[in-house]
Every structure is written in C-alpha cells, then in structure tokens.
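Colleague: Below are the structure tokens for one structure; questions will follow.
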Amino acid sequence: MTVSSDDDLEALRRIGRIVADTLEAMGRAIEPGITTAELDRIGREHLERAGARSAPEAVYGFPGATCISVNEEVAHGIPGDRRIAPGDLVNIDVSAEKDGYFSDTGASFAVPPVTRAVERLCRDGRRAMWTGLRQVGTGKPLAGIGRAVGAFAQKNGYTLVRNLASHGIGTSLHEEPTEIATWPDASERRIMTEGLVFTVEPFLSLGADYAESGEDDPWTLYSQPRALTVQYEHTVVATRNGPLVLTMPGQ
C-alpha cells in the first residue's frame, strides 16, 4: 500500500508495534526445553491481548499463530512438539492484522552455547537487513536493496537464499510491490514512491542458495543445500527522509 493519510500511518505504527512487541516477548521466552508450540502460544496470547489476529492463520489457514523455524528449517515452520535444545538456531516470524492493517517482522535467535560462526551469522544477519534498509527512500530503485545486501554477503563470505523475497504489505499481508529481491536482480526496474510500504527481509546463510519444500508438511521450507540460515525482517515506509521503520518494539 501507499500511506495516504496520518490515519494510515498511525494504524500501521500500531500494528507494527504489536508484532514487534510480540516477537520480543517470544524471543525472551526461548530456552532449552520449551516447545515451539509453547512459544507460539506466548505469541498468540500477546497478539490477542493487543486486539490483533495472526495474519498467516487468518489469510492462509497456517496451523499456528506464528512461524517458528529451527536449524535446517528456513521459513514457515509449524509450531509443534519440537523442543528447543542448547545450540539451536531459532527463527520467529510474526505477522498480524488489526483494524484492517497488516505488519510483518522476524528475527533469528541462537540458543547458547553456540559457535562463533553462528554468533557472527546472527550479527551479520541484522547488519544485512540494515544494509538493505539504508537503501530505502522516495525515488530510489528497489534494486538498490538487493545490490547492497548482495555486496555485503559476498564481502563477508555468505550466500543469500534467492527464492524468498521481500514484499509489499499494508492492507493485506502480501501485495504490490511483490517479489522484492534481497539479492542482486538485474531485471528489477521499479522505483520506490513516497509512502510505499513493504518489508526488507534478507535470508543470510552459511551456504544455502534456495529454500525447498520438505516431505512432512506443505508449509515448512528447508535450506538447499542444507546450511544454517538467518532471517531478520522489518516493515518499512519509503519517505523523502529515508526509511521509516514501523516494527520497532515499544515505539
């Protein structure tokens, strides 16, 4: 969507804060022994207390309030009886709707003890996301996001999952502009307009290039080739002054 009024912006800020606070609460709750279903329940309760509803559940019939992916799972992991263990890498993706407005955020969490390589991957995953966010602004090319993230990944020895893209959001969970690459895409010609709302969510990996479906369920995506992968995501508005990030906790 394109923000066209102060009311639009306030509603987007409200749902952005809700999903950010939900993600933060779930991240704090991660500890060895907790199941992904128990984590999801924390997320659901947080959303419901705020008067919001899970977007993947409402829009797509996803079997959970949030997506929780562990280790070899890259995205869309279904909450269940899997128990978090020391050394796990857990990704949580929270998207929700309130009053007809949607927002989307995500982050990866390493459960101690972890290797220095995993610590570095998480640190650099956030850096990759912010590298992309710094390319956001009115009149700038959408391709600039992928070029910047791609240069960062190459410089630091990572790969990028190239079939999970960023997307427009606002009055629906996925809308125009669709398929915003967070990797270099020579075919991308679109320009960010004032007030354009979309996500920036690179998938930085220790070796994976793609995400593929598994055999156990129709939702969970796995790294291909198998390699630890992190995702960090914000919902953002393009403005003349640069990126306006909507999904910051407690803003």
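Naming scheme: A, B, ... for chains in displayed order of the structure tokens; residues 1 onward per chain; ligands 1 onward as shown.
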Sort by chain and increasing residue number a table of all residues of segment 86-159 of chain A within 8 Å of segment 19-25 of chain A, each with its closest pair of atoms and their distance in Å to one decimal, counting only C-alpha atoms, and write it as CSV.
Modeller:
```
residue,atom,partner,partner_atom,distance
A:Ile92,CA,A:Leu23,CA,7.1
A:Asp93,CA,A:Leu23,CA,7.5
A:Val94,CA,A:Val19,CA,5.9
A:Ser95,CA,A:Val19,CA,6.3
A:Ala96,CA,A:Val19,CA,6.5
A:Ser103,CA,A:Val19,CA,6.9
A:Asp104,CA,A:Val19,CA,6.8
A:Thr105,CA,A:Ala20,CA,6.6
A:Gly106,CA,A:Leu23,CA,7.0
A:Ala107,CA,A:Leu23,CA,7.8
```
Colleague: Emit the selected residues as a JSON list (two decimals), in the first residue's frame, including C-alpha atoms.
Modeller:
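Final output, saved to out.json:
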```json
[["chain", "number", "residue", "atom", "x", "y", "z"],
["A", 92, "ILE", "CA", 10.48, -16.49, 14.59],
["A", 93, "ASP", "CA", 8.32, -14.68, 12.05],
["A", 94, "VAL", "CA", 5.36, -12.66, 13.35],
["A", 95, "SER", "CA", 2.78, -11.05, 11.09],
["A", 96, "ALA", "CA", -0.62, -9.80, 12.18],
["A", 103, "SER", "CA", 2.61, -5.69, 9.57],
["A", 104, "ASP", "CA", 5.38, -8.29, 9.45],
["A", 105, "THR", "CA", 8.63, -8.78, 11.36],
["A", 106, "GLY", "CA", 11.08, -11.56, 12.16],
["A", 107, "ALA", "CA", 14.37, -12.42, 13.80]]
```
Colleague: Residues of segment 57-159 of chain A that have any atom at most 12 Å from an atom of segment 217-221 of chain A: could you tabulate them with the shortest-distance atom pair and the distance in Å to one decimal, using only C-alpha atoms, ordered by chain and increasing number, as CSV?
Modeller:
```
residue,atom,partner,partner_atom,distance
A:Tyr60,CA,A:Trp219,CA,10.6
A:Gly61,CA,A:Trp219,CA,10.6
A:Phe62,CA,A:Trp219,CA,8.0
A:Pro63,CA,A:Trp219,CA,9.1
A:Gly64,CA,A:Trp219,CA,11.0
A:Cys67,CA,A:Thr220,CA,9.0
A:Ile68,CA,A:Thr220,CA,9.4
A:Ser69,CA,A:Thr220,CA,7.9
A:Val70,CA,A:Thr220,CA,10.3
A:Asn71,CA,A:Leu221,CA,11.2
A:Glu72,CA,A:Leu221,CA,8.7
A:Glu73,CA,A:Leu221,CA,5.8
A:Val74,CA,A:Leu221,CA,5.6
A:Ala75,CA,A:Leu221,CA,5.3
A:His76,CA,A:Thr220,CA,4.9
A:Gly77,CA,A:Thr220,CA,4.7
A:Ile78,CA,A:Thr220,CA,6.7
A:Pro79,CA,A:Thr220,CA,10.3
```
Colleague: Please identify all polymer residues within 10 Å of Gly27 of chain A, counting only C-alpha atoms, omitting same-chain residues fewer than 6 positions from it, and present them as a list of chain:residue names.
Modeller: A:Asp21, A:Leu39, A:Gly43, A:Val90, A:Asn91, A:Ile92, A:Ala107, A:Ser108, A:Phe109, A:Ala110
Colleague: Closest to Arg53 of chain A among A:Ala143, A:Ile30, A:Leu164, A:Leu173, using only C-alpha atoms?
Modeller: A:Leu173
Colleague: Per residue of segment 5-85 of chain A within 12 Å of segment 194-204 of chain A, record the nearest atom pair and its distance in Å to one decimal, counting only C-alpha atoms, with rows in chain order and ascending residue number, as CSV.
Modeller:
```
residue,atom,partner,partner_atom,distance
A:Ser5,CA,A:Gly195,CA,9.5
A:Asp6,CA,A:Gly195,CA,11.0
A:Asp8,CA,A:Gly195,CA,10.1
A:Leu9,CA,A:Gly195,CA,9.1
A:Leu12,CA,A:Val197,CA,9.3
A:Arg13,CA,A:Val197,CA,11.5
A:Gly16,CA,A:Thr199,CA,11.4
A:Glu73,CA,A:Phe203,CA,11.9
A:Val74,CA,A:Phe203,CA,8.3
A:Ala75,CA,A:Phe203,CA,9.5
```
Colleague: Pick out each residue of segment 39-140 of chain A that DSSP on the backbone tags as helix (DSSP H, G or I); I need them as a PyMOL selection string.
Modeller: chain A and resi 39-49+55-60+116-133
Colleague: Can I get the selected residues back with C-alpha atoms, as an mmCIF file, in the first residue's frame?
Modeller:
```cif
data_model
loop_
_atom_site.group_PDB
_atom_site.id
_atom_site.type_symbol
_atom_site.label_atom_id
_atom_site.label_comp_id
_atom_site.auth_asym_id
_atom_site.auth_seq_id
_atom_site.Cartn_x
_atom_site.Cartn_y
_atom_site.Cartn_z
ATOM 1 C CA LEU A 39 6.473 -20.375 22.157
ATOM 2 C CA ASP A 40 3.657 -19.945 19.676
ATOM 3 C CA ARG A 41 1.118 -19.821 22.472
ATOM 4 C CA ILE A 42 3.025 -16.910 24.023
ATOM 5 C CA GLY A 43 2.854 -15.131 20.673
ATOM 6 C CA ARG A 44 -0.851 -15.823 20.228
ATOM 7 C CA GLU A 45 -1.707 -14.547 23.697
ATOM 8 C CA HIS A 46 0.312 -11.381 23.118
ATOM 9 C CA LEU A 47 -1.436 -10.684 19.804
ATOM 10 C CA GLU A 48 -4.885 -11.365 21.233
ATOM 11 C CA ARG A 49 -4.317 -9.093 24.244
ATOM 12 C CA ALA A 55 -2.046 -12.939 9.602
ATOM 13 C CA PRO A 56 -0.797 -16.323 8.304
ATOM 14 C CA GLU A 57 -3.541 -18.094 10.212
ATOM 15 C CA ALA A 58 -6.290 -15.722 9.082
ATOM 16 C CA VAL A 59 -5.165 -15.260 5.483
ATOM 17 C CA TYR A 60 -3.683 -18.636 4.555
ATOM 18 C CA ARG A 116 31.492 -18.151 16.934
ATOM 19 C CA ALA A 117 30.372 -18.781 13.362
ATOM 20 C CA VAL A 118 26.729 -18.823 14.455
ATOM 21 C CA GLU A 119 27.184 -15.737 16.628
ATOM 22 C CA ARG A 120 28.714 -13.993 13.636
ATOM 23 C CA LEU A 121 25.922 -15.196 11.339
ATOM 24 C CA CYS A 122 23.283 -13.675 13.635
ATOM 25 C CA ARG A 123 25.181 -10.425 13.979
ATOM 26 C CA ASP A 124 25.705 -10.183 10.242
ATOM 27 C CA GLY A 125 22.097 -11.138 9.509
ATOM 28 C CA ARG A 126 20.999 -7.978 11.294
ATOM 29 C CA ARG A 127 23.689 -5.994 9.503
ATOM 30 C CA ALA A 128 22.495 -7.343 6.155
ATOM 31 C CA MET A 129 18.931 -6.257 6.914
ATOM 32 C CA TRP A 130 20.036 -2.745 7.873
ATOM 33 C CA THR A 131 22.260 -2.580 4.805
ATOM 34 C CA GLY A 132 19.096 -3.103 2.770
ATOM 35 C CA LEU A 133 17.009 -0.707 4.855
#
```
Colleague: Return as a count of residues only the full set of residues in segment 88-231 of chain A whose backbone-based DSSP assignment is strand (DSSP E or B).
Modeller: 52
Colleague: Which is closest to Thr171 of chain A among A:Arg82, A:Lys98, A:Arg28, A:Arg226, if we use only C-alpha atoms?
Modeller: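 Of the candidates, the smallest distance to Thr171 of chain A is held by A:Lys98.
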Colleague: Using only C-alpha atoms, can you tell me which of A:Gly214, A:Pro225, A:Gly80, A:Pro184 comes closest to Thr66 of chain A?
Modeller: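 That would be A:Gly80, the residue with the smallest distance to Thr66 of chain A.
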Colleague: Just checking: using only C-alpha atoms, which residue out of A:Ala148, A:Ala208, A:Leu246, A:Ile34 ends up closest to Trp183 of chain A?
Modeller: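 For Trp183 of chain A, the nearest of the given residues is A:Ala148.
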Colleague: Closest to Pro243 of chain A among A:Ala85, A:Ala50, A:Val136, A:Ala165, using only C-alpha atoms?
Modeller: A:Val136
Colleague: Between atom CA of Gly242 of chain A and atom CA of Glu175 of chain A, what is the distance, to one decimal in Å?
Modeller: 21.3 Å
Colleague: In terms of the shortest atom-to-atom distance over only C-alpha atoms, which of A:Asp216, A:Glu97, A:Glu31, A:Asp7 is closest to Ile169 of chain A?
Modeller: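 Going through A:Asp216, A:Glu97, A:Glu31, A:Asp7 one by one, the smallest distance to Ile169 of chain A is for A:Glu97.
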Colleague: Excluding Tyr158 of chain A and residues on its chain fewer than 5 positions from it, collect all residues at most 8 Å away from it, counting only C-alpha atoms, and give them as a VMD selection string.
Modeller: chain A and resid 153 204 to 207
Colleague: Would you mind exporting the chosen residues as an mmCIF file, in the first residue's frame, restricted to C-alpha atoms?
Modeller:
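Writing done, so here's out22.cif:
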```cif
data_model
loop_
_atom_site.group_PDB
_atom_site.id
_atom_site.type_symbol
_atom_site.label_atom_id
_atom_site.label_comp_id
_atom_site.auth_asym_id
_atom_site.auth_seq_id
_atom_site.Cartn_x
_atom_site.Cartn_y
_atom_site.Cartn_z
ATOM 1 C CA ALA A 153 27.016 -11.036 1.675
ATOM 2 C CA LEU A 204 21.677 -14.771 5.015
ATOM 3 C CA SER A 205 23.238 -18.242 5.005
ATOM 4 C CA LEU A 206 26.398 -20.230 5.594
ATOM 5 C CA GLY A 207 25.903 -21.905 2.216
#
```
Colleague: One number please: atom CA of Glu212 of chain A to atom CA of Val230 of chain A, in Å, one decimal.
Modeller: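 Distance reported for this atom pair: 15.4 Å.
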